[in-house]
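Q: File work.cif follows (mmCIF, C-alpha atoms; chains and numbers go by the auth columns):
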data_work
loop_
_atom_site.group_PDB
_atom_site.id
_atom_site.type_symbol
_atom_site.label_atom_id
_atom_site.label_comp_id
_atom_site.label_asym_id
_atom_site.label_seq_id
_atom_site.Cartn_x
_atom_site.Cartn_y
_atom_site.Cartn_z
_atom_site.B_iso_or_equiv
_atom_site.auth_seq_id
_atom_site.auth_asym_id
ATOM 1 C CA MET A 1 -7.160 -30.147 -137.064 0.00 28 A
ATOM 2 C CA ASP A 2 -5.224 -27.576 -135.073 0.00 29 A
ATOM 3 C CA GLY A 3 -5.174 -29.527 -131.782 0.00 30 A
ATOM 4 C CA TRP A 4 -6.875 -26.772 -129.795 0.00 31 A
ATOM 5 C CA GLY A 5 -10.456 -27.980 -129.976 0.00 32 A
ATOM 6 C CA SER A 6 -12.744 -28.025 -126.985 0.00 33 A
ATOM 7 C CA LEU A 7 -12.107 -31.710 -126.294 0.00 34 A
ATOM 8 C CA THR A 8 -8.341 -31.197 -126.355 0.00 35 A
ATOM 9 C CA MET A 9 -8.637 -28.188 -124.047 0.00 36 A
ATOM 10 C CA LEU A 10 -10.849 -30.189 -121.682 0.00 37 A
ATOM 11 C CA ILE A 11 -8.283 -32.977 -121.532 0.00 38 A
ATOM 12 C CA LYS A 12 -5.463 -30.488 -120.942 0.00 39 A
ATOM 13 C CA ARG A 13 -7.414 -28.770 -118.149 0.00 40 A
ATOM 14 C CA GLN A 14 -8.138 -32.119 -116.514 0.00 41 A
ATOM 15 C CA GLU A 15 -4.473 -33.120 -116.718 0.00 42 A
ATOM 16 C CA ALA A 16 -3.406 -29.770 -115.257 0.00 43 A
ATOM 17 C CA SER A 17 -5.922 -30.168 -112.455 0.00 44 A
ATOM 18 C CA LYS A 18 -4.728 -33.704 -111.767 0.00 45 A
ATOM 19 C CA ASN A 19 -1.110 -32.512 -111.672 0.00 46 A
ATOM 20 C CA ARG A 20 -1.972 -29.663 -109.276 0.00 47 A
ATOM 21 C CA LYS A 21 -3.796 -32.052 -106.967 0.00 48 A
ATOM 22 C CA ALA A 22 -0.908 -34.514 -107.052 0.00 49 A
ATOM 23 C CA ALA A 23 1.595 -31.744 -106.249 0.00 50 A
ATOM 24 C CA LEU A 24 -0.584 -30.489 -103.378 0.00 51 A
ATOM 25 C CA ARG A 25 -1.024 -34.023 -102.052 0.00 52 A
ATOM 26 C CA TYR A 26 2.769 -34.508 -102.174 0.00 53 A
ATOM 27 C CA GLU A 27 3.412 -31.233 -100.316 0.00 54 A
ATOM 28 C CA LEU A 28 0.852 -32.048 -97.636 0.00 55 A
ATOM 29 C CA GLN A 29 2.301 -35.537 -97.194 0.00 56 A
ATOM 30 C CA LYS A 30 5.795 -34.052 -96.802 0.00 57 A
ATOM 31 C CA LYS A 31 4.537 -31.538 -94.222 0.00 58 A
ATOM 32 C CA LYS A 32 2.817 -34.328 -92.317 0.00 59 A
ATOM 33 C CA GLU A 33 5.940 -36.489 -92.334 0.00 60 A
ATOM 34 C CA ASN A 34 8.113 -33.548 -91.259 0.00 61 A
ATOM 35 C CA TYR A 35 5.733 -32.762 -88.419 0.00 62 A
ATOM 36 C CA PHE A 36 5.867 -36.306 -87.101 0.00 63 A
ATOM 37 C CA ASN A 37 9.613 -36.668 -87.626 0.00 64 A
ATOM 38 C CA ASN A 38 10.469 -33.315 -86.006 0.00 65 A
ATOM 39 C CA ASN A 39 8.276 -33.969 -83.002 0.00 66 A
ATOM 40 C CA THR A 40 10.918 -33.816 -80.266 0.00 67 A
ATOM 41 C CA TYR A 41 8.755 -34.167 -77.182 0.00 68 A
ATOM 42 C CA GLU A 42 7.228 -37.390 -75.964 0.00 69 A
ATOM 43 C CA LEU A 43 4.034 -37.640 -74.011 0.00 70 A
ATOM 44 C CA GLU A 44 4.626 -39.231 -70.661 0.00 71 A
ATOM 45 C CA PHE A 45 1.742 -40.962 -68.953 0.00 72 A
ATOM 46 C CA PRO A 46 1.875 -42.006 -65.324 0.00 73 A
ATOM 47 C CA LYS A 47 2.355 -45.679 -64.597 0.00 74 A
ATOM 48 C CA ILE A 48 -0.836 -47.186 -63.210 0.00 75 A
ATOM 49 C CA SER A 49 -1.170 -50.599 -61.658 0.00 76 A
ATOM 50 C CA ASN A 50 -3.919 -52.978 -62.751 0.00 77 A
ATOM 51 C CA SER A 51 -5.977 -52.397 -59.596 0.00 78 A
ATOM 52 C CA GLU A 52 -5.775 -48.617 -60.007 0.00 79 A
ATOM 53 C CA MET A 53 -6.729 -49.012 -63.663 0.00 80 A
ATOM 54 C CA LYS A 54 -9.816 -51.043 -62.705 0.00 81 A
ATOM 55 C CA VAL A 55 -10.875 -48.366 -60.200 0.00 82 A
ATOM 56 C CA LEU A 56 -10.325 -45.637 -62.772 0.00 83 A
ATOM 57 C CA LYS A 57 -12.354 -47.530 -65.374 0.00 84 A
ATOM 58 C CA GLN A 58 -15.195 -48.013 -62.906 0.00 85 A
ATOM 59 C CA GLU A 59 -15.240 -44.284 -62.139 0.00 86 A
ATOM 60 C CA ILE A 60 -15.324 -43.426 -65.833 0.00 87 A
ATOM 61 C CA ARG A 61 -18.138 -45.925 -66.461 0.00 88 A
ATOM 62 C CA LYS A 62 -20.103 -44.530 -63.514 0.00 89 A
ATOM 63 C CA LYS A 63 -19.768 -40.959 -64.826 0.00 90 A
ATOM 64 C CA TYR A 64 -20.767 -42.105 -68.312 0.00 91 A
ATOM 65 C CA ARG A 65 -23.797 -43.990 -66.968 0.00 92 A
ATOM 66 C CA ASN A 66 -24.919 -40.969 -64.907 0.00 93 A
ATOM 67 C CA ASN A 67 -24.500 -38.682 -67.889 0.00 94 A
ATOM 68 C CA LYS A 68 -26.467 -41.094 -70.077 0.00 95 A
ATOM 69 C CA ILE A 69 -29.323 -41.260 -67.537 0.00 96 A
ATOM 70 C CA LYS A 70 -29.448 -37.454 -67.306 0.00 97 A
ATOM 71 C CA THR A 71 -29.579 -37.206 -71.098 0.00 98 A
ATOM 72 C CA ILE A 72 -32.420 -39.732 -71.337 0.00 99 A
ATOM 73 C CA ILE A 73 -34.438 -37.910 -68.660 0.00 100 A
ATOM 74 C CA LEU A 74 -33.897 -34.585 -70.386 0.00 101 A
ATOM 75 C CA ASN A 75 -35.009 -36.041 -73.730 0.00 102 A
ATOM 76 C CA ILE A 76 -38.154 -37.489 -72.134 0.00 103 A
ATOM 77 C CA LEU A 77 -38.990 -34.121 -70.551 0.00 104 A
ATOM 78 C CA ILE A 78 -38.503 -32.305 -73.865 0.00 105 A
ATOM 79 C CA LEU A 79 -40.691 -34.860 -75.661 0.00 106 A
ATOM 80 C CA ALA A 80 -43.401 -34.531 -73.000 0.00 107 A
ATOM 81 C CA PHE A 81 -43.297 -30.742 -73.283 0.00 108 A
ATOM 82 C CA VAL A 82 -43.589 -30.857 -77.075 0.00 109 A
ATOM 83 C CA LEU A 83 -46.491 -33.333 -76.908 0.00 110 A
ATOM 84 C CA PHE A 84 -48.238 -31.184 -74.304 0.00 111 A
ATOM 85 C CA LEU A 85 -47.688 -28.117 -76.491 0.00 112 A
ATOM 86 C CA PHE A 86 -49.215 -29.826 -79.539 0.00 113 A
ATOM 87 C CA TYR A 87 -52.136 -31.069 -77.441 0.00 114 A
ATOM 88 C CA TYR A 88 -52.731 -27.566 -76.078 0.00 115 A
ATOM 89 C CA ILE A 89 -52.511 -25.927 -79.516 0.00 116 A
ATOM 90 C CA PHE A 90 -54.813 -28.366 -81.308 0.00 117 A
ATOM 91 C CA ASN A 91 -57.439 -28.548 -78.536 0.00 118 A
ATOM 92 C CA ASN A 92 -57.724 -24.767 -78.121 0.00 119 A
ATOM 93 C CA LYS A 93 -58.083 -24.099 -81.823 0.00 120 A
ATOM 94 C CA LYS A 94 -61.872 -23.625 -81.589 0.00 121 A
#
Would you mind giving the structure from this file in structure tokens?
A:
Amino acid sequence: MDGWGSLTMLIKRQEASKNRKAALRYELQKKKENYFNNNTYELEFPKISNSEMKVLKQEIRKKYRNNKIKTIILNILILAFVLFLFYYIFNNKK
């Protein structure tokens, strides 16, 4: 056998593909590490006391609750409109 059969070529292609993926994975990992290591600026967050944090959390929860209620009402209105549309279409089909 000459060693260049279809099975041998398949194995060689798979090995080449595996090597390319490993090299790409290594390069991406290096870029990621360099990005994190070369990051010279630090994010500075303001210092908040526990009472201020509780107030802030309550405000965020209130906004979230209001947004959730608005979303539920909108979904109910859309559902009612679609049901009314189907009712109108199927009852006026005569």
Q: Report, in Å with one decimal, the straight-line distance from atom CA of Glu69 of chain A to atom CA of Val82 of chain A.
A: 26.4 Å
Q: Box time for segment 58-76 of chain A: axis-aligned, enclosing all its listed atoms, 4 Å extra on each side; report centre and edge lengths in Å to one decimal, as lines of an AutoDock Vina configuration file.
A:
center_x = 4.9
center_y = -41.1
center_z = -77.9
size_x = 20.1
size_y = 27.1
size_z = 40.6
Q: As an exercise, work out the distance from atom CA of Lys59 of chain A to atom CA of Lys74 of chain A in Å and give it to one decimal place.
A: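 Separating atom CA of Lys59 of chain A from atom CA of Lys74 of chain A is a distance of 30.0 Å.
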Q: Record the distance separating atom CA of Asn93 of chain A and atom CA of Leu110 of chain A, expressed in Å with one decimal.
A: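 That distance, rounded to one decimal, is 25.8 Å.
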